[in-house]
>>> print(open('my_file32.cif').read())   # mmCIF, C-alpha atoms
data_my_file
#
loop_
_atom_site.label_atom_id
_atom_site.label_comp_id
_atom_site.auth_asym_id
_atom_site.auth_seq_id
_atom_site.Cartn_x
_atom_site.Cartn_y
_atom_site.Cartn_z
CA MET P 1372 16.29 28.22 -45.74
CA GLU P 1373 16.01 27.32 -42.08
CA ASN P 1374 12.58 28.96 -41.90
CA ASN P 1375 11.41 26.92 -44.91
CA GLU P 1376 12.47 23.70 -43.20
CA LYS P 1377 10.57 24.68 -40.07
CA ILE P 1378 7.45 25.39 -42.15
CA ILE P 1379 7.75 22.03 -43.92
CA GLN P 1380 8.19 20.19 -40.62
CA GLU P 1381 5.19 22.01 -39.14
CA LYS P 1382 3.01 21.06 -42.13
CA LYS P 1383 4.09 17.43 -41.82
CA ARG P 1384 3.23 17.51 -38.12
CA GLU P 1385 -0.22 19.00 -38.80
CA LYS P 1386 -0.88 16.40 -41.50
CA PHE P 1387 0.19 13.64 -39.12
CA ILE P 1388 -2.20 14.94 -36.45
CA LYS P 1389 -5.11 15.09 -38.90
CA THR P 1390 -4.60 11.62 -40.39
CA LYS P 1391 -3.88 9.76 -37.13
CA LYS P 1392 -6.10 9.26 -34.11
CA ASN P 1393 -5.37 10.02 -30.46
CA TYR P 1394 -4.31 6.72 -28.85
CA LYS P 1395 -6.19 7.63 -25.65
CA ARG P 1396 -9.44 7.33 -27.63
CA ALA P 1397 -8.75 3.81 -28.87
CA PRO P 1398 -10.89 0.81 -27.86
CA LEU P 1399 -9.45 -1.71 -25.41
CA MET P 1400 -6.71 -3.73 -27.11
CA SER P 1401 -4.38 -6.55 -26.14
CA VAL P 1402 -1.68 -4.10 -25.03
CA HIS P 1403 -4.13 -2.52 -22.57
CA LEU P 1404 -5.09 -5.89 -21.13
CA ARG P 1405 -1.41 -6.87 -20.84
CA VAL P 1406 -0.54 -3.71 -18.88
CA MET P 1407 -3.67 -4.06 -16.76
CA MET P 1408 -2.93 -7.69 -15.83
CA ALA P 1409 0.70 -6.87 -15.04
CA VAL P 1410 -0.38 -4.08 -12.68
CA ILE P 1411 -3.16 -6.19 -11.10
CA LEU P 1412 -0.71 -9.01 -10.31
CA GLY P 1413 1.64 -6.41 -8.89
CA GLN P 1414 -1.08 -5.07 -6.59
CA ILE P 1415 -1.82 -8.59 -5.31
CA ALA P 1416 1.90 -9.16 -4.66
CA CYS P 1417 2.20 -5.80 -2.89
CA GLY P 1418 -0.81 -6.43 -0.65
CA TYR P 1419 0.52 -9.89 0.21
CA SER P 1420 4.04 -8.66 0.97
CA LEU P 1421 2.76 -5.92 3.28
CA GLY P 1422 0.29 -8.12 5.15
CA ILE P 1423 2.48 -11.18 5.70
CA SER P 1424 4.66 -9.66 8.44
CA GLY P 1425 1.87 -9.59 11.04
CA THR P 1426 1.08 -13.30 11.04
CA ALA P 1427 4.79 -14.16 10.75
CA LEU P 1428 5.73 -12.08 13.79
CA SER P 1429 2.82 -13.31 15.91
CA ASN P 1430 4.00 -16.85 15.07
CA ALA P 1431 7.62 -15.96 15.93
CA ALA P 1432 6.58 -14.86 19.43
CA LYS P 1433 5.46 -18.43 20.17
CA TYR P 1434 8.94 -19.88 19.71
CA ILE P 1435 11.57 -17.15 20.07
CA ASN P 1436 12.18 -14.22 22.38
CA ILE P 1437 11.28 -11.13 20.34
CA SER P 1438 10.64 -7.80 22.05
CA ASP P 1439 7.77 -5.44 21.28
CA PHE P 1440 10.32 -3.01 19.85
CA TRP P 1441 11.56 -5.48 17.21
CA THR P 1442 8.06 -6.81 16.54
CA GLY P 1443 6.84 -3.30 15.76
CA LEU P 1444 9.95 -2.26 13.85
CA ILE P 1445 10.05 -5.33 11.60
CA GLY P 1446 6.29 -5.04 11.04
CA ALA P 1447 6.74 -1.40 10.00
CA GLY P 1448 9.83 -2.08 7.86
CA ALA P 1449 8.05 -2.45 4.51
CA LEU P 1450 5.96 0.65 5.24
CA ILE P 1451 9.13 2.62 6.01
CA GLY P 1452 10.53 1.44 2.67
CA LEU P 1453 7.35 2.63 0.97
CA ALA P 1454 8.23 6.19 2.00
CA GLY P 1455 10.78 5.96 -0.83
CA SER P 1456 7.95 6.54 -3.34
CA LEU P 1457 9.22 10.06 -4.06
CA LEU P 1458 12.72 8.75 -4.91
CA VAL P 1459 11.26 5.99 -7.07
CA GLY P 1460 9.13 8.52 -8.94
CA ARG P 1461 12.18 10.66 -9.72
CA LEU P 1462 14.16 7.59 -10.83
CA SER P 1463 11.37 6.52 -13.19
CA ASP P 1464 11.43 9.98 -14.77
CA LYS P 1465 15.12 9.43 -15.57
CA ILE P 1466 15.25 5.82 -16.79
CA GLY P 1467 11.62 5.13 -17.71
CA ARG P 1468 8.75 3.15 -16.16
CA ARG P 1469 9.24 -0.14 -18.01
CA LYS P 1470 12.74 -0.96 -16.72
CA LEU P 1471 11.74 -0.59 -13.08
CA LEU P 1472 8.59 -2.69 -13.48
CA MET P 1473 10.41 -5.47 -15.33
CA TRP P 1474 12.85 -6.01 -12.45
CA ASN P 1475 11.30 -4.89 -9.15
CA MET P 1476 9.30 -8.09 -8.56
CA TYR P 1477 12.34 -10.31 -9.13
CA ILE P 1478 14.21 -8.25 -6.52
CA LEU P 1479 11.22 -8.40 -4.14
CA ALA P 1480 11.15 -12.19 -4.51
CA ALA P 1481 14.89 -12.39 -3.81
CA PHE P 1482 14.56 -10.26 -0.66
CA SER P 1483 11.66 -12.46 0.47
CA LEU P 1484 13.63 -15.69 -0.01
CA LEU P 1485 16.54 -14.26 1.98
CA HIS P 1486 14.28 -14.49 5.04
CA LEU P 1487 14.92 -18.24 4.92
CA ILE P 1488 18.61 -17.86 5.73
CA THR P 1489 18.51 -15.27 8.51
CA ALA P 1490 16.67 -14.91 11.79
CA ASN P 1491 18.69 -11.84 12.75
CA PHE P 1492 16.27 -9.03 13.61
CA SER P 1493 18.43 -6.22 12.18
CA LEU P 1494 18.90 -8.02 8.85
CA THR P 1495 15.21 -8.92 8.72
CA PHE P 1496 14.33 -5.25 9.26
CA ILE P 1497 16.67 -4.22 6.41
CA LEU P 1498 15.09 -6.84 4.13
CA ARG P 1499 11.62 -5.48 4.96
CA ILE P 1500 12.73 -1.96 4.02
CA GLY P 1501 14.08 -3.30 0.71
CA ILE P 1502 10.77 -5.05 0.06
CA GLY P 1503 8.97 -1.77 0.80
CA LEU P 1504 11.08 0.02 -1.80
CA MET P 1505 10.20 -2.59 -4.42
CA ILE P 1506 6.51 -2.23 -3.51
CA ALA P 1507 6.92 1.54 -3.97
CA VAL P 1508 7.83 0.89 -7.61
CA ASP P 1509 4.46 -0.71 -8.30
CA TYR P 1510 2.59 1.88 -6.24
CA THR P 1511 4.03 4.82 -8.17
CA VAL P 1512 5.36 3.59 -11.50
CA GLY P 1513 2.76 0.84 -12.05
CA ASN P 1514 -0.14 3.23 -11.53
CA ALA P 1515 1.47 5.80 -13.81
CA LEU P 1516 2.01 3.28 -16.63
CA LEU P 1517 -1.55 2.01 -16.32
CA THR P 1518 -3.14 5.46 -16.60
CA GLU P 1519 -0.80 6.42 -19.47
CA TRP P 1520 -1.78 3.41 -21.59
CA LEU P 1521 -5.48 2.86 -20.87
CA PRO P 1522 -8.05 4.71 -23.01
CA LYS P 1523 -9.64 7.84 -21.58
CA GLY P 1524 -12.47 6.87 -19.23
CA GLU P 1525 -11.06 3.41 -18.66
CA ASP P 1526 -7.95 4.77 -16.92
CA SER P 1527 -9.66 6.30 -13.87
CA LYS P 1528 -12.23 3.49 -13.64
CA ARG P 1529 -9.64 0.70 -13.69
CA GLN P 1530 -7.38 2.57 -11.28
CA SER P 1531 -10.21 2.81 -8.74
CA HIS P 1532 -10.46 -1.02 -8.87
CA LEU P 1533 -6.79 -1.58 -7.98
CA LEU P 1534 -7.55 -1.43 -4.26
CA ILE P 1535 -9.76 -4.51 -4.66
CA TYR P 1536 -6.83 -6.55 -5.95
CA TRP P 1537 -4.48 -5.15 -3.30
CA THR P 1538 -6.99 -6.23 -0.64
CA ILE P 1539 -7.15 -9.73 -2.13
CA GLY P 1540 -3.37 -10.02 -1.75
CA PHE P 1541 -3.53 -8.69 1.82
CA ILE P 1542 -6.21 -11.24 2.79
CA LEU P 1543 -4.32 -14.10 1.10
CA SER P 1544 -1.29 -13.24 3.26
CA TYR P 1545 -3.40 -13.61 6.41
CA LEU P 1546 -4.73 -16.98 5.25
CA ALA P 1547 -1.26 -18.25 4.34
CA GLY P 1548 0.28 -17.02 7.57
CA SER P 1549 -2.49 -18.52 9.68
CA PHE P 1550 -2.33 -22.01 8.22
CA ILE P 1551 1.43 -22.53 7.71
CA THR P 1552 2.49 -24.44 10.82
CA GLY P 1553 4.73 -27.30 11.97
CA PHE P 1554 8.18 -25.78 11.45
CA ASP P 1555 8.67 -24.62 15.06
CA SER P 1556 11.04 -21.64 15.41
CA TYR P 1557 11.63 -21.67 11.63
CA THR P 1558 7.94 -21.12 10.84
CA TRP P 1559 7.99 -17.31 10.90
CA GLN P 1560 10.85 -17.19 8.40
CA ILE P 1561 8.99 -19.51 6.02
CA ILE P 1562 5.85 -17.37 6.34
CA LEU P 1563 7.82 -14.21 5.47
CA ALA P 1564 9.46 -16.01 2.52
CA THR P 1565 6.08 -16.93 0.98
CA SER P 1566 5.75 -13.39 -0.38
CA ALA P 1567 8.21 -14.57 -3.04
CA VAL P 1568 5.42 -16.64 -4.64
CA PRO P 1569 3.09 -13.82 -5.83
CA ALA P 1570 6.15 -11.70 -6.63
CA LEU P 1571 7.60 -14.41 -8.90
CA VAL P 1572 4.24 -15.00 -10.57
CA THR P 1573 4.09 -11.28 -11.37
CA ALA P 1574 7.72 -11.11 -12.51
CA ILE P 1575 7.39 -14.15 -14.80
CA PHE P 1576 4.19 -12.77 -16.33
CA ARG P 1577 5.95 -9.48 -17.07
CA SER P 1578 8.82 -11.39 -18.68
CA LEU P 1579 6.58 -13.63 -20.81
CA PHE P 1580 4.34 -10.70 -21.77
CA PRO P 1581 6.76 -7.75 -21.72
CA LEU P 1582 5.45 -4.37 -20.71
CA PRO P 1583 5.48 -1.59 -23.29
CA ALA P 1584 7.44 1.57 -22.57
CA SER P 1585 5.64 4.64 -21.22
CA PRO P 1586 4.25 6.93 -23.96
CA GLY P 1587 4.35 9.90 -21.58
CA TRP P 1588 8.04 9.33 -20.79
CA LEU P 1589 8.97 8.69 -24.42
CA ALA P 1590 7.13 11.83 -25.56
CA SER P 1591 9.96 14.00 -24.21
CA LYS P 1592 12.43 11.97 -26.31
CA GLY P 1593 10.40 12.04 -29.52
CA LYS P 1594 9.92 8.26 -29.60
CA ALA P 1595 6.40 7.86 -28.25
CA ASN P 1596 4.59 7.50 -31.59
CA LYS P 1597 6.94 4.68 -32.57
CA VAL P 1598 6.03 2.58 -29.52
CA ILE P 1599 2.32 3.41 -29.97
CA ARG P 1600 2.42 2.19 -33.59
CA LYS P 1601 4.28 -0.95 -32.52
CA HIS P 1602 1.66 -1.99 -29.96
CA MET P 1603 -1.55 -0.46 -31.37
CA GLY P 1604 -1.14 -0.05 -35.11
CA ARG P 1605 -0.22 2.74 -37.50
CA LYS P 1606 -3.39 4.80 -37.20
CA TRP P 1607 -2.79 5.86 -33.57
CA ARG P 1608 -0.65 8.69 -32.22
CA LEU P 1609 0.05 10.84 -29.17
CA PRO P 1610 -2.54 13.47 -28.16
CA ALA P 1611 -2.11 16.66 -30.19
CA ARG P 1612 -0.93 18.67 -27.17
CA PHE P 1613 2.26 16.58 -27.10
CA MET P 1614 2.86 17.19 -30.80
CA LYS P 1615 2.85 20.99 -30.74
CA ARG P 1616 5.99 22.99 -30.27
CA ASN P 1617 6.44 26.10 -28.18
CA LYS P 1618 3.69 25.16 -25.79
CA LYS P 1619 3.90 26.73 -22.37
CA LYS P 1620 5.59 24.51 -19.88
CA THR P 1621 4.70 24.26 -16.25
CA PRO P 1622 7.67 24.46 -13.91
CA ARG P 1623 9.20 21.07 -13.25
CA ASN P 1624 10.15 21.60 -9.64
CA ILE P 1625 7.73 23.17 -7.21
CA SER P 1626 9.09 23.98 -3.77
CA TRP P 1627 7.45 22.09 -0.92
CA ALA P 1628 7.23 25.43 0.88
CA ILE P 1629 4.34 26.47 -1.37
CA LEU P 1630 2.19 23.70 0.13
CA PHE P 1631 2.39 25.50 3.46
CA SER P 1632 1.55 28.92 2.06
CA LYS P 1633 -1.77 30.55 2.86
CA GLN P 1634 -3.19 29.32 -0.47
CA TYR P 1635 -2.55 25.60 0.10
CA LEU P 1636 -1.97 25.12 3.85
CA ARG P 1637 -5.52 23.99 4.64
CA ARG P 1638 -5.57 21.45 1.83
CA THR P 1639 -2.09 20.16 2.72
CA LEU P 1640 -3.12 19.64 6.34
CA VAL P 1641 -6.37 17.88 5.37
CA GLY P 1642 -4.64 15.64 2.82
CA GLY P 1643 -1.77 14.70 5.13
CA ILE P 1644 -3.82 14.25 8.32
CA PHE P 1645 -6.68 12.28 6.75
CA TYR P 1646 -4.29 9.91 4.98
CA ALA P 1647 -1.93 9.45 7.96
CA CYS P 1648 -4.70 8.87 10.52
CA GLN P 1649 -6.45 6.38 8.29
CA ALA P 1650 -3.18 4.53 7.60
CA PHE P 1651 -2.24 4.55 11.31
CA SER P 1652 -5.34 2.59 12.27
CA PHE P 1653 -5.72 0.43 9.17
CA PHE P 1654 -2.18 -0.91 8.97
CA GLY P 1655 -1.64 -1.13 12.72
CA ILE P 1656 -4.75 -3.24 13.23
CA SER P 1657 -4.67 -5.22 9.99
CA ILE P 1658 -1.01 -6.24 10.08
CA PHE P 1659 -1.06 -7.26 13.75
CA LEU P 1660 -4.60 -8.64 13.70
CA PRO P 1661 -3.61 -12.04 15.24
CA ILE P 1662 -1.95 -10.33 18.23
CA LEU P 1663 -4.94 -8.00 18.69
CA LEU P 1664 -7.52 -10.80 18.50
CA GLN P 1665 -5.59 -12.82 21.06
CA SER P 1666 -5.47 -9.85 23.43
CA MET P 1667 -9.21 -9.25 22.92
CA ASN P 1668 -9.87 -12.82 24.12
CA ILE P 1669 -11.91 -13.62 21.03
CA THR P 1670 -12.11 -17.38 20.63
CA SER P 1671 -11.23 -19.13 17.35
CA GLY P 1672 -8.69 -16.49 16.39
CA ASN P 1673 -8.14 -17.81 12.84
CA ILE P 1674 -11.86 -17.90 12.04
CA SER P 1675 -12.35 -14.47 13.60
CA GLY P 1676 -9.47 -13.14 11.53
CA ILE P 1677 -10.99 -14.54 8.36
CA ILE P 1678 -14.32 -12.88 9.23
CA TYR P 1679 -12.55 -9.55 9.89
CA ASN P 1680 -10.64 -9.77 6.58
CA GLY P 1681 -13.87 -10.71 4.81
CA GLY P 1682 -15.40 -7.56 6.25
CA MET P 1683 -12.43 -5.59 4.96
CA PHE P 1684 -13.00 -6.94 1.44
CA ILE P 1685 -16.73 -6.21 1.60
CA GLY P 1686 -15.89 -2.67 2.73
CA VAL P 1687 -13.66 -2.08 -0.29
CA LEU P 1688 -16.41 -3.35 -2.65
CA ILE P 1689 -19.04 -1.17 -0.97
CA GLY P 1690 -16.71 1.84 -1.08
CA THR P 1691 -16.09 1.31 -4.80
CA TRP P 1692 -19.85 1.18 -5.42
CA ILE P 1693 -20.92 4.25 -3.41
CA PHE P 1694 -17.83 6.37 -4.03
CA ASN P 1695 -19.30 8.58 -6.78
CA LYS P 1696 -22.81 8.57 -5.35
CA VAL P 1697 -22.11 10.73 -2.29
CA SER P 1698 -20.22 13.92 -1.51
CA ARG P 1699 -16.48 13.44 -0.94
CA ARG P 1700 -16.63 15.65 2.18
CA PHE P 1701 -19.60 13.75 3.63
CA TYR P 1702 -17.94 10.41 2.84
CA LEU P 1703 -14.72 11.44 4.56
CA ILE P 1704 -16.31 12.91 7.69
CA SER P 1705 -18.86 10.13 8.22
CA ASN P 1706 -16.27 7.40 7.65
CA PHE P 1707 -13.93 8.73 10.34
CA LEU P 1708 -16.77 9.38 12.79
CA ILE P 1709 -18.40 5.94 12.50
CA SER P 1710 -15.16 3.94 12.48
CA GLY P 1711 -13.81 5.97 15.42
CA LEU P 1712 -16.97 5.39 17.46
CA LEU P 1713 -17.05 1.66 16.70
CA ILE P 1714 -13.45 1.00 17.75
CA GLY P 1715 -13.99 3.35 20.71
CA ILE P 1716 -16.90 1.21 21.95
CA LEU P 1717 -14.69 -1.88 21.89
CA ALA P 1718 -11.99 0.01 23.81
CA ILE P 1719 -14.29 1.44 26.51
CA VAL P 1720 -16.52 -1.64 26.93
CA PRO P 1721 -14.06 -4.58 26.75
CA ASN P 1722 -16.31 -7.13 28.49
CA LEU P 1723 -18.82 -7.50 25.67
CA ASN P 1724 -20.02 -10.92 24.52
CA SER P 1725 -17.46 -12.44 22.10
CA ILE P 1726 -19.95 -12.67 19.23
CA LEU P 1727 -21.09 -9.06 19.72
CA LYS P 1728 -17.48 -7.95 20.02
CA LEU P 1729 -16.56 -9.72 16.76
CA GLY P 1730 -19.64 -8.26 15.05
CA ILE P 1731 -18.67 -4.68 16.02
CA PHE P 1732 -15.06 -5.33 15.04
CA THR P 1733 -16.11 -6.66 11.63
CA LEU P 1734 -18.42 -3.67 11.06
CA PHE P 1735 -15.47 -1.45 11.94
CA ALA P 1736 -13.41 -3.27 9.29
CA ILE P 1737 -16.13 -2.70 6.68
CA ILE P 1738 -16.44 1.04 7.43
CA LEU P 1739 -12.71 1.75 7.69
CA SER P 1740 -11.93 -0.21 4.51
CA ALA P 1741 -14.68 1.56 2.58
CA GLY P 1742 -12.83 4.80 3.34
CA LEU P 1743 -9.67 3.50 1.65
CA ILE P 1744 -11.32 4.26 -1.70
CA LEU P 1745 -10.63 7.94 -1.02
CA ASP P 1746 -6.87 7.37 -0.93
CA TYR P 1747 -6.37 7.57 -4.71
CA PRO P 1748 -8.67 10.40 -5.84
CA TYR P 1749 -9.06 12.77 -2.89
CA PRO P 1750 -5.41 13.92 -2.51
CA THR P 1751 -5.29 14.42 -6.29
CA GLU P 1752 -8.45 16.54 -6.22
CA LEU P 1753 -7.22 18.68 -3.33
CA PHE P 1754 -4.47 20.32 -5.40
CA ASP P 1755 -4.56 22.20 -8.69
CA LEU P 1756 -2.35 21.14 -11.59
CA LYS P 1757 0.49 23.51 -10.68
CA VAL P 1758 1.27 21.77 -7.38
CA ARG P 1759 -0.56 18.45 -7.80
CA ALA P 1760 2.46 16.16 -8.13
CA THR P 1761 4.24 17.73 -5.16
CA GLY P 1762 1.05 17.87 -3.08
CA VAL P 1763 0.04 14.26 -3.69
CA GLY P 1764 3.61 13.03 -3.14
CA THR P 1765 3.73 14.87 0.18
CA CYS P 1766 0.39 13.39 1.31
CA ILE P 1767 1.56 9.87 0.42
CA THR P 1768 4.83 10.34 2.32
CA ILE P 1769 2.96 11.61 5.39
CA SER P 1770 0.59 8.64 5.16
CA ARG P 1771 3.51 6.19 5.19
CA ILE P 1772 4.78 7.85 8.38
CA GLY P 1773 1.33 7.32 9.90
CA ALA P 1774 1.20 3.71 8.73
CA ALA P 1775 4.67 2.93 10.07
CA ALA P 1776 3.86 4.63 13.39
CA GLY P 1777 0.64 2.63 13.82
CA THR P 1778 2.35 -0.64 12.93
CA PHE P 1779 5.29 0.04 15.24
CA LEU P 1780 3.15 1.18 18.20
CA LEU P 1781 0.33 -1.38 18.15
CA PRO P 1782 2.26 -4.34 19.66
CA VAL P 1783 3.84 -1.96 22.20
CA LEU P 1784 0.42 -0.59 23.23
CA ILE P 1785 -1.03 -4.10 23.53
CA ASN P 1786 1.81 -5.15 25.81
CA VAL P 1787 1.43 -2.03 27.97
CA GLY P 1788 -2.35 -1.85 28.31
CA GLY P 1789 -3.87 -4.71 26.36
CA ALA P 1790 -6.17 -4.50 23.35
CA SER P 1791 -8.29 -1.80 25.03
CA LEU P 1792 -5.41 0.70 25.07
CA ALA P 1793 -4.43 -0.06 21.47
CA MET P 1794 -8.02 0.39 20.26
CA LEU P 1795 -8.50 3.53 22.36
CA VAL P 1796 -5.46 5.13 20.72
CA CYS P 1797 -6.82 4.16 17.28
CA ALA P 1798 -10.21 5.66 18.21
CA ILE P 1799 -8.56 8.93 19.30
CA VAL P 1800 -6.58 9.10 16.05
CA LEU P 1801 -9.69 8.48 13.91
CA LEU P 1802 -11.83 10.99 15.83
CA PHE P 1803 -9.03 13.56 15.58
CA ALA P 1804 -9.14 13.10 11.79
CA PHE P 1805 -12.94 13.47 11.95
CA ILE P 1806 -12.61 16.87 13.70
CA VAL P 1807 -9.94 18.09 11.26
CA CYS P 1808 -12.02 17.07 8.24
CA LEU P 1809 -15.22 18.50 9.74
CA ILE P 1810 -13.56 21.90 10.13
CA TRP P 1811 -11.30 22.04 7.06
CA ALA P 1812 -12.06 19.34 4.45
CA PRO P 1813 -13.20 20.95 1.18
CA GLU P 1814 -15.71 19.43 -1.20
CA THR P 1815 -13.96 18.18 -4.36
CA SER P 1816 -16.54 16.03 -6.20
CA PRO P 1817 -17.71 18.05 -9.24
CA GLN P 1818 -21.38 16.97 -9.06
CA PHE P 1819 -21.69 18.23 -5.49
CA MET P 1820 -19.61 21.39 -5.85
CA LYS P 1821 -22.17 22.73 -8.32
CA LYS P 1822 -25.01 22.46 -5.82
#
>>> encode(input="my_file32.cif", output="structure tokens")
Amino acid sequence: MENNEKIIQEKKREKFIKTKKNYKRAPLMSVHLRVMMAVILGQIACGYSLGISGTALSNAAKYINISDFWTGLIGAGALIGLAGSLLVGRLSDKIGRRKLLMWNMYILAAFSLLHLITANFSLTFILRIGIGLMIAVDYTVGNALLTEWLPKGEDSKRQSHLLIYWTIGFILSYLAGSFITGFDSYTWQIILATSAVPALVTAIFRSLFPLPASPGWLASKGKANKVIRKHMGRKWRLPARFMKRNKKKTPRNISWAILFSKQYLRRTLVGGIFYACQAFSFFGISIFLPILLQSMNITSGNISGIIYNGGMFIGVLIGTWIFNKVSRRFYLISNFLISGLLIGILAIVPNLNSILKLGIFTLFAIILSAGLILDYPYPTELFDLKVRATGVGTCITISRIGAAAGTFLLPVLINVGGASLAMLVCAIVLLFAFIVCLIWAPETSPQFMKK
């Protein structure tokens, strides 16, 4: 009797698979656009919230006594919070993607507004860590939800464009922080609090146009097809591989030790070092750009900063365009070499003409930012399916350590040896990554691996 029921259920399942279509092969629908817009707004809010600390802290130094230690630590606070990505990922696996994304931006906005009522450095640092944790939700859970809902082909393409929107938010934070003035010693707190604006816009959008639950997460609970029918219509279903019973399961938990075995050690080192070195220089320079420009004696600091940020945006656009046209290995190696040499020239020859100095600095921004495009795909491509989640998560965590270190050290280095020392350290870090990638970086782009 029990066997007959199993046979009947299996026949129903096979009939369901034959009569319904895989939802990943659907055309773009309103649900896709809703998820995409929610994630795009989140990326803008994240970029803004990360970038705003630099201009706020450079403004604070004009009115209050703040040490290099606290300047660096508060600037790195959100990046330290971002290291919680692994914890956020595990939490989303337990309670689902939708719940986290419906609330994280409200919490981020609340943390941002709390800057208005405290100038205490310790409390400000704690608030920045909390903001970093909320950003981690969008970084991990938002990206996962986007790729789970978008049709096949659109998912990877749209994900590669997210960095553009993140950069827009980062640049907007520089503009806001540069032009908010007139509040004396209270100005830096107001600047930090402005990150509540893009966060609230995102949160309200997600409330007015609620996010659908994750099909991938619901698949394990047998409820995925219900939510797919609700948002896409009755003719769509999960991919067949999720519908079949007794399929082989890959182990859920892979020990981190395997990443340092002979099989994966080289790829782990390349993924961690490339990501950390890039983040060290990018976040250190970009977040504390006003302090660096002042130390470089470049006139019209606000205009120069806008030019630098414009170069950063151009770099991201160029990187998006050429990304699939060249070898991953060549892209990685050449990016580190050129950016390292450019910032090295500025460090070794500090007495250049201001216009020439700004031109080299802007070109450096273009090259370094173009390399950011590798951050999403390259760590994923370094690891096979068995260890991919653990490998990518480890690379991201290492990169946050590099980003926090660069952000913490840059104001300290400027105070000790001026802009030249700070840029020299960045050059050494970038050229170190160049040497590591030259020796160890594998080719991962399919079209070039065949040749």
>>> atom_distance(input="my_file32.cif", atom1="atom CA of P:Ile1678", atom2="atom CA of P:Ile1658")
14.9 Å
>>> closest_residue(input="my_file32.cif", among="P:Pro1581, P:Ile1599, P:Gly1501, P:Ile1423", to="P:Gly1455", atoms="all atoms listed in the file")
P:Gly1501
>>> resolve_selection(input="my_file32.cif", expression="the PyMOL selection byres ((chain P and resi 1550) around 12)", output="PDB file with C-alpha atoms, in the frame of the given file")
ATOM      1  CA  THR P1426       1.080 -13.300  11.040  1.00  0.00           C
ATOM      2  CA  ALA P1427       4.790 -14.160  10.750  1.00  0.00           C
ATOM      3  CA  ASN P1430       4.000 -16.850  15.070  1.00  0.00           C
ATOM      4  CA  LEU P1543      -4.320 -14.100   1.100  1.00  0.00           C
ATOM      5  CA  SER P1544      -1.290 -13.240   3.260  1.00  0.00           C
ATOM      6  CA  TYR P1545      -3.400 -13.610   6.410  1.00  0.00           C
ATOM      7  CA  LEU P1546      -4.730 -16.980   5.250  1.00  0.00           C
ATOM      8  CA  ALA P1547      -1.260 -18.250   4.340  1.00  0.00           C
ATOM      9  CA  GLY P1548       0.280 -17.020   7.570  1.00  0.00           C
ATOM     10  CA  SER P1549      -2.490 -18.520   9.680  1.00  0.00           C
ATOM     11  CA  ILE P1551       1.430 -22.530   7.710  1.00  0.00           C
ATOM     12  CA  THR P1552       2.490 -24.440  10.820  1.00  0.00           C
ATOM     13  CA  GLY P1553       4.730 -27.300  11.970  1.00  0.00           C
ATOM     14  CA  PHE P1554       8.180 -25.780  11.450  1.00  0.00           C
ATOM     15  CA  THR P1558       7.940 -21.120  10.840  1.00  0.00           C
ATOM     16  CA  TRP P1559       7.990 -17.310  10.900  1.00  0.00           C
ATOM     17  CA  ILE P1561       8.990 -19.510   6.020  1.00  0.00           C
ATOM     18  CA  ILE P1562       5.850 -17.370   6.340  1.00  0.00           C
ATOM     19  CA  GLY P1672      -8.690 -16.490  16.390  1.00  0.00           C
ATOM     20  CA  ASN P1673      -8.140 -17.810  12.840  1.00  0.00           C
ATOM     21  CA  ILE P1674     -11.860 -17.900  12.040  1.00  0.00           C
ATOM     22  CA  GLY P1676      -9.470 -13.140  11.530  1.00  0.00           C
ATOM     23  CA  ILE P1677     -10.990 -14.540   8.360  1.00  0.00           C
TER      24      ILE P1677
END
>>> residues_near_point(input="my_file32.cif", point="(-2.2, 14.1, -3.7)", cutoff="6 Å", atoms="only C-alpha atoms", output="VMD selection string")
chain P and resid 1750 to 1751 1762 to 1764 1766
>>> closest_residue(input="my_file32.cif", among="P:Ser1585, P:Gln1634, P:Ser1652, P:Ser1816", to="P:Val1406", atoms="only C-alpha atoms")
P:Ser1585
>>> atom_distance(input="my_file32.cif", atom1="atom CA of P:Leu1801", atom2="atom CA of P:Ile1502")
28.2 Å
>>> closest_residue(input="my_file32.cif", among="P:Gly1452, P:Gly1422, P:Pro1813, P:Gly1715", to="P:Leu1640", atoms="only C-alpha atoms")
P:Pro1813
>>> atom_distance(input="my_file32.cif", atom1="atom CA of P:Leu1630", atom2="atom CA of P:Thr1761")
8.2 Å
>>> residues_near_point(input="my_file32.cif", point="(-5.2, 15.1, 14.7)", cutoff="8 Å", atoms="all atoms listed in the file", output="PyMOL selection string")
chain P and resi 1644+1648+1800+1802-1804+1806-1807
